[in-house]
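Structure data follow from entry19.cif (mmCIF, C-alpha atoms):
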data_model
#
loop_
_atom_site.label_atom_id
_atom_site.label_comp_id
_atom_site.auth_asym_id
_atom_site.auth_seq_id
_atom_site.Cartn_x
_atom_site.Cartn_y
_atom_site.Cartn_z
CA MET A 1 38.53 41.53 40.13
CA LYS A 2 35.10 41.05 41.65
CA LYS A 3 33.53 42.03 38.31
CA LEU A 4 35.62 39.43 36.48
CA VAL A 5 34.55 36.75 38.93
CA LEU A 6 30.89 37.71 38.50
CA LEU A 7 31.27 37.70 34.70
CA PHE A 8 32.91 34.26 34.77
CA CYS A 9 30.16 32.89 37.01
CA SER A 10 27.47 34.30 34.71
CA ILE A 11 29.06 32.72 31.65
CA PHE A 12 29.41 29.39 33.47
CA LEU A 13 25.78 29.50 34.60
CA ILE A 14 24.47 30.28 31.09
CA GLY A 15 26.63 27.50 29.61
CA SER A 16 25.33 25.03 32.16
CA LEU A 17 21.72 25.94 31.41
CA VAL A 18 22.29 25.52 27.67
CA ALA A 19 23.97 22.16 28.20
CA CYS A 20 21.11 20.99 30.42
CA ASN A 21 18.53 22.10 27.86
CA ASN A 22 20.39 20.34 25.06
CA GLN A 23 20.62 17.19 27.14
CA LYS A 24 16.91 17.40 27.92
CA ASN A 25 16.01 17.82 24.24
CA GLY A 26 18.32 15.00 23.22
CA ASN A 27 16.80 12.65 25.76
CA GLU A 28 13.19 13.67 25.06
CA LYS A 29 11.09 10.53 24.92
CA GLN A 30 9.59 9.81 21.50
CA THR A 31 6.24 8.16 20.89
CA LYS A 32 6.70 4.70 19.37
CA LEU A 33 4.55 3.80 16.38
CA THR A 34 4.69 0.32 14.82
CA VAL A 35 3.30 -0.08 11.31
CA GLY A 36 3.02 -3.32 9.33
CA ALA A 37 3.59 -3.06 5.58
CA SER A 38 4.25 -4.93 2.36
CA ASN A 39 7.89 -4.73 1.23
CA VAL A 40 7.27 -2.69 -1.92
CA PRO A 41 6.22 0.05 -2.16
CA HIS A 42 4.66 0.45 1.27
CA ALA A 43 7.72 -0.20 3.48
CA GLU A 44 9.91 1.85 1.12
CA ILE A 45 7.54 4.80 1.39
CA LEU A 46 7.44 4.47 5.18
CA GLU A 47 11.26 4.52 5.28
CA GLN A 48 11.14 7.93 3.61
CA ALA A 49 8.64 9.13 6.21
CA LYS A 50 10.65 7.81 9.17
CA PRO A 51 13.08 10.77 9.56
CA LEU A 52 10.25 13.25 9.00
CA LEU A 53 8.24 11.65 11.79
CA ALA A 54 11.29 11.54 14.07
CA LYS A 55 11.41 15.36 13.90
CA LYS A 56 7.81 15.34 15.17
CA GLY A 57 8.64 13.11 18.12
CA ILE A 58 7.50 9.82 16.60
CA ASP A 59 9.77 6.76 16.50
CA LEU A 60 8.46 4.74 13.53
CA LYS A 61 9.09 0.99 13.49
CA ILE A 62 8.29 -0.83 10.25
CA VAL A 63 7.33 -4.52 10.29
CA LYS A 64 7.39 -6.15 6.86
CA PHE A 65 4.89 -8.79 5.74
CA GLN A 66 4.92 -11.03 2.67
CA ASP A 67 1.20 -11.78 2.44
CA TYR A 68 -2.23 -10.16 2.76
CA ILE A 69 -3.48 -12.12 5.78
CA LEU A 70 -0.99 -11.60 8.61
CA PRO A 71 -0.94 -7.76 8.67
CA ASN A 72 -4.60 -7.63 9.71
CA LYS A 73 -4.17 -10.44 12.23
CA ALA A 74 -1.23 -8.53 13.74
CA LEU A 75 -3.30 -5.35 13.89
CA GLU A 76 -6.17 -7.13 15.64
CA SER A 77 -3.84 -8.71 18.20
CA LYS A 78 -2.21 -5.31 18.85
CA GLU A 79 1.22 -6.45 17.72
CA ILE A 80 1.25 -3.37 15.49
CA ASP A 81 -0.48 0.02 15.73
CA ALA A 82 -1.47 0.31 12.07
CA ASN A 83 -0.93 -1.37 8.74
CA TYR A 84 -0.31 -0.09 5.24
CA PHE A 85 -0.73 -2.67 2.50
CA GLN A 86 -4.39 -2.97 1.49
CA HIS A 87 -6.89 -1.11 -0.63
CA ILE A 88 -10.37 -0.08 0.54
CA PRO A 89 -12.43 -2.94 -1.01
CA TYR A 90 -10.04 -5.52 0.48
CA LEU A 91 -10.21 -3.84 3.90
CA ASN A 92 -14.01 -3.80 3.76
CA ALA A 93 -14.10 -7.46 2.72
CA GLN A 94 -11.76 -8.46 5.56
CA ILE A 95 -13.86 -6.54 8.08
CA LYS A 96 -17.00 -8.30 6.88
CA GLU A 97 -15.39 -11.75 6.72
CA ASN A 98 -13.43 -11.66 9.99
CA GLY A 99 -15.33 -9.16 12.11
CA TYR A 100 -12.33 -6.85 12.44
CA ASP A 101 -13.11 -3.56 14.16
CA PHE A 102 -10.87 -1.56 11.82
CA VAL A 103 -11.23 1.80 10.10
CA ASN A 104 -9.51 3.59 7.25
CA ALA A 105 -7.34 6.38 8.73
CA GLY A 106 -6.39 7.82 5.34
CA GLY A 107 -5.80 6.93 1.68
CA ILE A 108 -2.17 7.17 0.56
CA HIS A 109 -1.63 5.81 -2.96
CA ILE A 110 -3.02 3.83 -5.88
CA GLU A 111 -1.26 0.93 -7.60
CA PRO A 112 -2.89 0.34 -10.99
CA ILE A 113 -3.12 -3.44 -11.49
CA GLY A 114 -1.67 -4.94 -14.67
CA ILE A 115 -2.23 -7.90 -16.99
CA TYR A 116 1.00 -9.60 -18.07
CA SER A 117 1.64 -12.12 -20.84
CA LYS A 118 4.72 -13.72 -22.35
CA LYS A 119 2.69 -15.11 -25.23
CA TYR A 120 0.63 -12.15 -26.44
CA LYS A 121 1.39 -8.46 -26.85
CA SER A 122 -2.13 -7.12 -26.35
CA LEU A 123 -5.47 -8.19 -24.91
CA ASP A 124 -7.13 -8.36 -28.33
CA LYS A 125 -4.56 -11.00 -29.33
CA LEU A 126 -5.75 -13.39 -26.63
CA PRO A 127 -7.20 -16.49 -28.29
CA THR A 128 -10.61 -18.04 -27.72
CA GLY A 129 -10.55 -20.01 -24.47
CA ALA A 130 -7.51 -18.14 -23.12
CA GLU A 131 -6.73 -18.80 -19.47
CA ILE A 132 -6.36 -15.74 -17.25
CA ILE A 133 -4.68 -16.36 -13.90
CA MET A 134 -5.47 -14.06 -10.98
CA SER A 135 -5.02 -14.05 -7.23
CA ASN A 136 -7.17 -15.90 -4.72
CA SER A 137 -8.06 -12.55 -3.16
CA VAL A 138 -11.79 -12.27 -3.90
CA ALA A 139 -11.61 -8.53 -3.23
CA ASP A 140 -9.48 -8.18 -6.38
CA HIS A 141 -11.79 -10.16 -8.66
CA GLY A 142 -14.26 -7.32 -9.17
CA ARG A 143 -11.35 -5.02 -9.92
CA ILE A 144 -9.96 -7.37 -12.57
CA LEU A 145 -13.32 -8.12 -14.16
CA THR A 146 -14.18 -4.42 -14.31
CA MET A 147 -10.89 -3.82 -16.10
CA LEU A 148 -11.62 -6.58 -18.61
CA GLU A 149 -15.06 -5.10 -19.19
CA GLU A 150 -13.57 -1.66 -19.81
CA LYS A 151 -11.18 -3.25 -22.31
CA GLY A 152 -14.16 -4.82 -24.13
CA LEU A 153 -13.44 -8.50 -23.39
CA ILE A 154 -16.47 -9.26 -21.19
CA LYS A 155 -19.69 -7.74 -19.90
CA LEU A 156 -20.95 -7.79 -16.32
CA LYS A 157 -24.49 -7.74 -14.96
CA GLU A 158 -26.03 -4.30 -15.02
CA GLY A 159 -26.60 -2.53 -11.73
CA ILE A 160 -24.18 -4.58 -9.60
CA ASP A 161 -21.47 -3.18 -7.34
CA LYS A 162 -18.52 -3.94 -9.58
CA THR A 163 -16.02 -3.87 -6.72
CA THR A 164 -17.65 -7.09 -5.45
CA ALA A 165 -18.22 -8.72 -8.85
CA THR A 166 -17.24 -12.36 -9.40
CA VAL A 167 -16.89 -14.57 -12.45
CA LYS A 168 -20.54 -15.57 -11.94
CA ASP A 169 -21.54 -11.98 -12.75
CA ILE A 170 -20.20 -12.23 -16.32
CA THR A 171 -23.10 -12.06 -18.77
CA ASP A 172 -21.15 -11.93 -22.03
CA ASN A 173 -17.80 -13.62 -22.71
CA PRO A 174 -17.33 -13.76 -26.51
CA LYS A 175 -13.79 -15.16 -26.28
CA LYS A 176 -14.87 -17.77 -23.73
CA LEU A 177 -12.08 -16.70 -21.42
CA THR A 178 -11.39 -19.04 -18.50
CA PHE A 179 -10.26 -17.89 -15.07
CA LYS A 180 -7.91 -19.54 -12.58
CA SER A 181 -8.28 -17.80 -9.23
CA ASP A 182 -6.62 -20.00 -6.62
CA VAL A 183 -3.09 -18.54 -6.65
CA GLU A 184 -1.59 -16.65 -3.71
CA ALA A 185 -1.05 -13.04 -4.83
CA GLY A 186 2.65 -13.06 -3.94
CA LEU A 187 3.26 -16.05 -6.23
CA LEU A 188 1.81 -14.44 -9.37
CA PRO A 189 5.14 -13.00 -10.63
CA LYS A 190 6.61 -16.52 -10.46
CA VAL A 191 3.58 -17.88 -12.34
CA PHE A 192 4.21 -15.26 -15.01
CA GLU A 193 7.93 -16.07 -15.21
CA ASN A 194 7.04 -19.76 -15.59
CA ASN A 195 4.87 -18.80 -18.59
CA GLU A 196 1.76 -20.37 -17.05
CA GLY A 197 -1.64 -19.56 -18.54
CA ASP A 198 -2.14 -17.05 -21.33
CA ALA A 199 -2.21 -13.95 -19.13
CA VAL A 200 -1.49 -13.24 -15.46
CA VAL A 201 -2.97 -10.38 -13.44
CA ILE A 202 -0.41 -9.04 -10.95
CA ASN A 203 -0.75 -6.41 -8.24
CA ALA A 204 1.80 -3.62 -8.68
CA ASN A 205 3.44 -4.13 -5.28
CA TYR A 206 4.30 -7.75 -6.07
CA ALA A 207 5.36 -6.82 -9.59
CA LEU A 208 7.74 -4.17 -8.24
CA ASP A 209 9.10 -6.57 -5.63
CA ALA A 210 9.84 -9.09 -8.41
CA GLY A 211 11.69 -6.55 -10.56
CA LEU A 212 8.89 -6.04 -13.08
CA ASP A 213 7.88 -2.61 -14.40
CA PRO A 214 4.15 -2.26 -13.60
CA LYS A 215 3.79 0.62 -16.00
CA ASN A 216 5.52 -0.73 -19.13
CA ASP A 217 5.64 -4.54 -18.81
CA PRO A 218 1.89 -5.32 -18.75
CA ILE A 219 -0.12 -5.72 -21.93
CA ALA A 220 -2.88 -3.74 -20.19
CA VAL A 221 -3.06 -1.51 -17.10
CA GLU A 222 -6.22 -0.36 -15.32
CA SER A 223 -7.08 3.33 -15.30
CA ALA A 224 -6.12 5.34 -12.23
CA LYS A 225 -8.93 7.83 -12.83
CA ASN A 226 -11.74 7.51 -10.25
CA ASN A 227 -10.03 4.36 -9.03
CA PRO A 228 -11.62 3.09 -5.77
CA TYR A 229 -8.64 0.84 -4.96
CA VAL A 230 -6.74 3.32 -2.82
CA ASN A 231 -4.14 1.82 -0.46
CA VAL A 232 -4.83 3.04 3.06
CA ILE A 233 -3.52 3.25 6.59
CA ALA A 234 -5.76 0.89 8.58
CA VAL A 235 -6.08 1.10 12.36
CA ARG A 236 -8.26 -0.28 15.12
CA LYS A 237 -11.46 1.75 15.52
CA GLY A 238 -10.85 4.73 17.78
CA ASP A 239 -7.12 4.95 17.03
CA GLU A 240 -7.71 7.08 13.92
CA ASP A 241 -7.90 10.15 16.19
CA LYS A 242 -4.58 9.50 17.91
CA LYS A 243 -2.01 12.23 17.37
CA GLU A 244 0.67 9.87 16.05
CA ILE A 245 -1.70 8.29 13.51
CA LYS A 246 -2.75 11.71 12.24
CA GLN A 247 0.91 12.73 12.01
CA LEU A 248 1.67 9.55 10.04
CA VAL A 249 -1.10 10.19 7.51
CA ASN A 250 -0.24 13.89 7.20
CA THR A 251 3.41 13.05 6.61
CA LEU A 252 2.54 10.49 3.93
CA HIS A 253 0.39 13.17 2.28
CA SER A 254 3.24 15.69 2.35
CA LYS A 255 4.77 17.06 -0.84
CA LYS A 256 8.12 15.45 0.03
CA ILE A 257 6.59 11.97 0.12
CA GLN A 258 4.44 12.61 -2.95
CA ASP A 259 7.51 13.75 -4.88
CA TYR A 260 9.36 10.62 -3.76
CA ILE A 261 6.54 8.35 -4.95
CA ASN A 262 6.32 10.04 -8.34
CA LYS A 263 10.09 10.00 -8.88
CA GLN A 264 10.73 6.51 -7.53
CA TYR A 265 7.89 4.61 -9.18
CA LYS A 266 7.32 6.66 -12.35
CA GLY A 267 3.57 6.11 -12.57
CA ALA A 268 3.50 2.54 -11.23
CA VAL A 269 2.43 4.01 -7.89
CA ILE A 270 0.36 7.21 -7.80
CA PRO A 271 -0.22 9.44 -4.74
CA ALA A 272 -3.91 9.31 -3.89
CA ASN A 273 -4.17 12.93 -2.82
CA GLU A 274 -2.67 14.50 -5.94
#
Is it possible to give me this structure as structure tokens?
Amino acid sequence: MKKLVLLFCSIFLIGSLVACNNQKNGNEKQTKLTVGASNVPHAEILEQAKPLLAKKGIDLKIVKFQDYILPNKALESKEIDANYFQHIPYLNAQIKENGYDFVNAGGIHIEPIGIYSKKYKSLDKLPTGAEIIMSNSVADHGRILTMLEEKGLIKLKEGIDKTTATVKDITDNPKKLTFKSDVEAGLLPKVFENNEGDAVVINANYALDAGLDPKNDPIAVESAKNNPYVNVIAVRKGDEDKKEIKQLVNTLHSKKIQDYINKQYKGAVIPANE
């Protein structure tokens, strides 16, 4: 009888320890990480990373933004821990213009920019004096002009940094193309739908958000090869070495997230570390 009592007590004790350990693991405090992002594709990609990060003890909160200005303001004011919406030239331009003490914690993907037109089926069909509408983001102007140069429509000054090129750097414009560059980037899909101008240059994230196909709908798409316009995780200087930031970047670089990007966006969004 004594042996049975001892056996019962042992079983009870082991069960209690297991229950306590399970309770401890279940209540283990997770590190909170708040990341600001554009709706598409950035927030969608982060949603895929959320459960993966949870397994690593990180509780990811995603704050969505509709423009290119507020995510950096929120990062500076410490409302968020990082943001994921901008490419490297834009980040560098914002740092220079606003004095932000930000750094690039890691490149995640590329969104090849596209030129859309309801009137013409190819760039060579654009008439003399055609109006090309692009965003008011100066950081994108060099990108667009470089693309037009590669397509043979214009020539830029030799020896310049083409990522910072402006319309003033055009040295040859045989079709006398005109440029309208005062439109908020998020409004460009609407401008296209309204059939304004002869061609509209739209960033892939806004095109996707508007239901456009950034791979097949444009009459021209920039090359992804050696493309410097990688979308990055931006953080305040010094935070790039934090464990949770490194875990975020590593997770976004994982094969699972890469496979999701390739399957979901079919070439409209390309993993930067492929």
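For the residues A:Glu97, A:Asp209, A:Glu222, A:Glu244, ranking by smallest atom-to-atom distance to Glu150 in chain A using only C-alpha atoms places A:Glu222 first.
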Do you know which residues lie at most 7 Å from (0.8, 3.6, -2.8), with coordinates as in the file and all atoms listed in the file counted, and could you write them as a PDB file with C-alpha atoms, in the coordinates of the input?
ATOM      1  CA  PRO A  41       6.220   0.050  -2.160  1.00  0.00           C
ATOM      2  CA  HIS A  42       4.660   0.450   1.270  1.00  0.00           C
ATOM      3  CA  ILE A 108      -2.170   7.170   0.560  1.00  0.00           C
ATOM      4  CA  HIS A 109      -1.630   5.810  -2.960  1.00  0.00           C
ATOM      5  CA  ILE A 110      -3.020   3.830  -5.880  1.00  0.00           C
ATOM      6  CA  GLU A 111      -1.260   0.930  -7.600  1.00  0.00           C
ATOM      7  CA  ASN A 231      -4.140   1.820  -0.460  1.00  0.00           C
ATOM      8  CA  VAL A 269       2.430   4.010  -7.890  1.00  0.00           C
ATOM      9  CA  ILE A 270       0.360   7.210  -7.800  1.00  0.00           C
ATOM     10  CA  PRO A 271      -0.220   9.440  -4.740  1.00  0.00           C
TER      11      PRO A 271
END
Quick one: which residues end up in the PyMOL selection byres ((chain A and resi 61-64) around 6) for this structure, as a PyMOL selection string?
chain A and resi 34-39+60+65
Could you tell me which residues the PyMOL selection byres ((chain A and resi 50-56) around 12) grabs in this file, written as an MDAnalysis selection string?
chainID A and resid 25:26 28:35 43:49 57:62 243:257
So the first atom is CA of Leu212 in chain A and the second is CA of Glu196 in chain A; what is the distance between them in Å, to one decimal place?
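Pair CA of Leu212 in chain A / CA of Glu196 in chain A returns 16.5 Å.
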Find the distance between CA of Lys162 in chain A and CA of Ile113 in chain A and write it in Å to one decimal.
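These atoms are spaced 15.5 Å apart.
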Evaluate the PyMOL selection byres ((chain A and resi 171) around 12) and report residues as a PDB file with C-alpha atoms, in the coordinates of the input:
ATOM      1  CA  LEU A 145     -13.320  -8.120 -14.160  1.00  0.00           C
ATOM      2  CA  GLU A 149     -15.060  -5.100 -19.190  1.00  0.00           C
ATOM      3  CA  LEU A 153     -13.440  -8.500 -23.390  1.00  0.00           C
ATOM      4  CA  ILE A 154     -16.470  -9.260 -21.190  1.00  0.00           C
ATOM      5  CA  LYS A 155     -19.690  -7.740 -19.900  1.00  0.00           C
ATOM      6  CA  LEU A 156     -20.950  -7.790 -16.320  1.00  0.00           C
ATOM      7  CA  LYS A 157     -24.490  -7.740 -14.960  1.00  0.00           C
ATOM      8  CA  GLU A 158     -26.030  -4.300 -15.020  1.00  0.00           C
ATOM      9  CA  ILE A 160     -24.180  -4.580  -9.600  1.00  0.00           C
ATOM     10  CA  ALA A 165     -18.220  -8.720  -8.850  1.00  0.00           C
ATOM     11  CA  THR A 166     -17.240 -12.360  -9.400  1.00  0.00           C
ATOM     12  CA  VAL A 167     -16.890 -14.570 -12.450  1.00  0.00           C
ATOM     13  CA  LYS A 168     -20.540 -15.570 -11.940  1.00  0.00           C
ATOM     14  CA  ASP A 169     -21.540 -11.980 -12.750  1.00  0.00           C
ATOM     15  CA  ILE A 170     -20.200 -12.230 -16.320  1.00  0.00           C
ATOM     16  CA  ASP A 172     -21.150 -11.930 -22.030  1.00  0.00           C
ATOM     17  CA  ASN A 173     -17.800 -13.620 -22.710  1.00  0.00           C
ATOM     18  CA  PRO A 174     -17.330 -13.760 -26.510  1.00  0.00           C
ATOM     19  CA  LYS A 176     -14.870 -17.770 -23.730  1.00  0.00           C
TER      20      LYS A 176
END
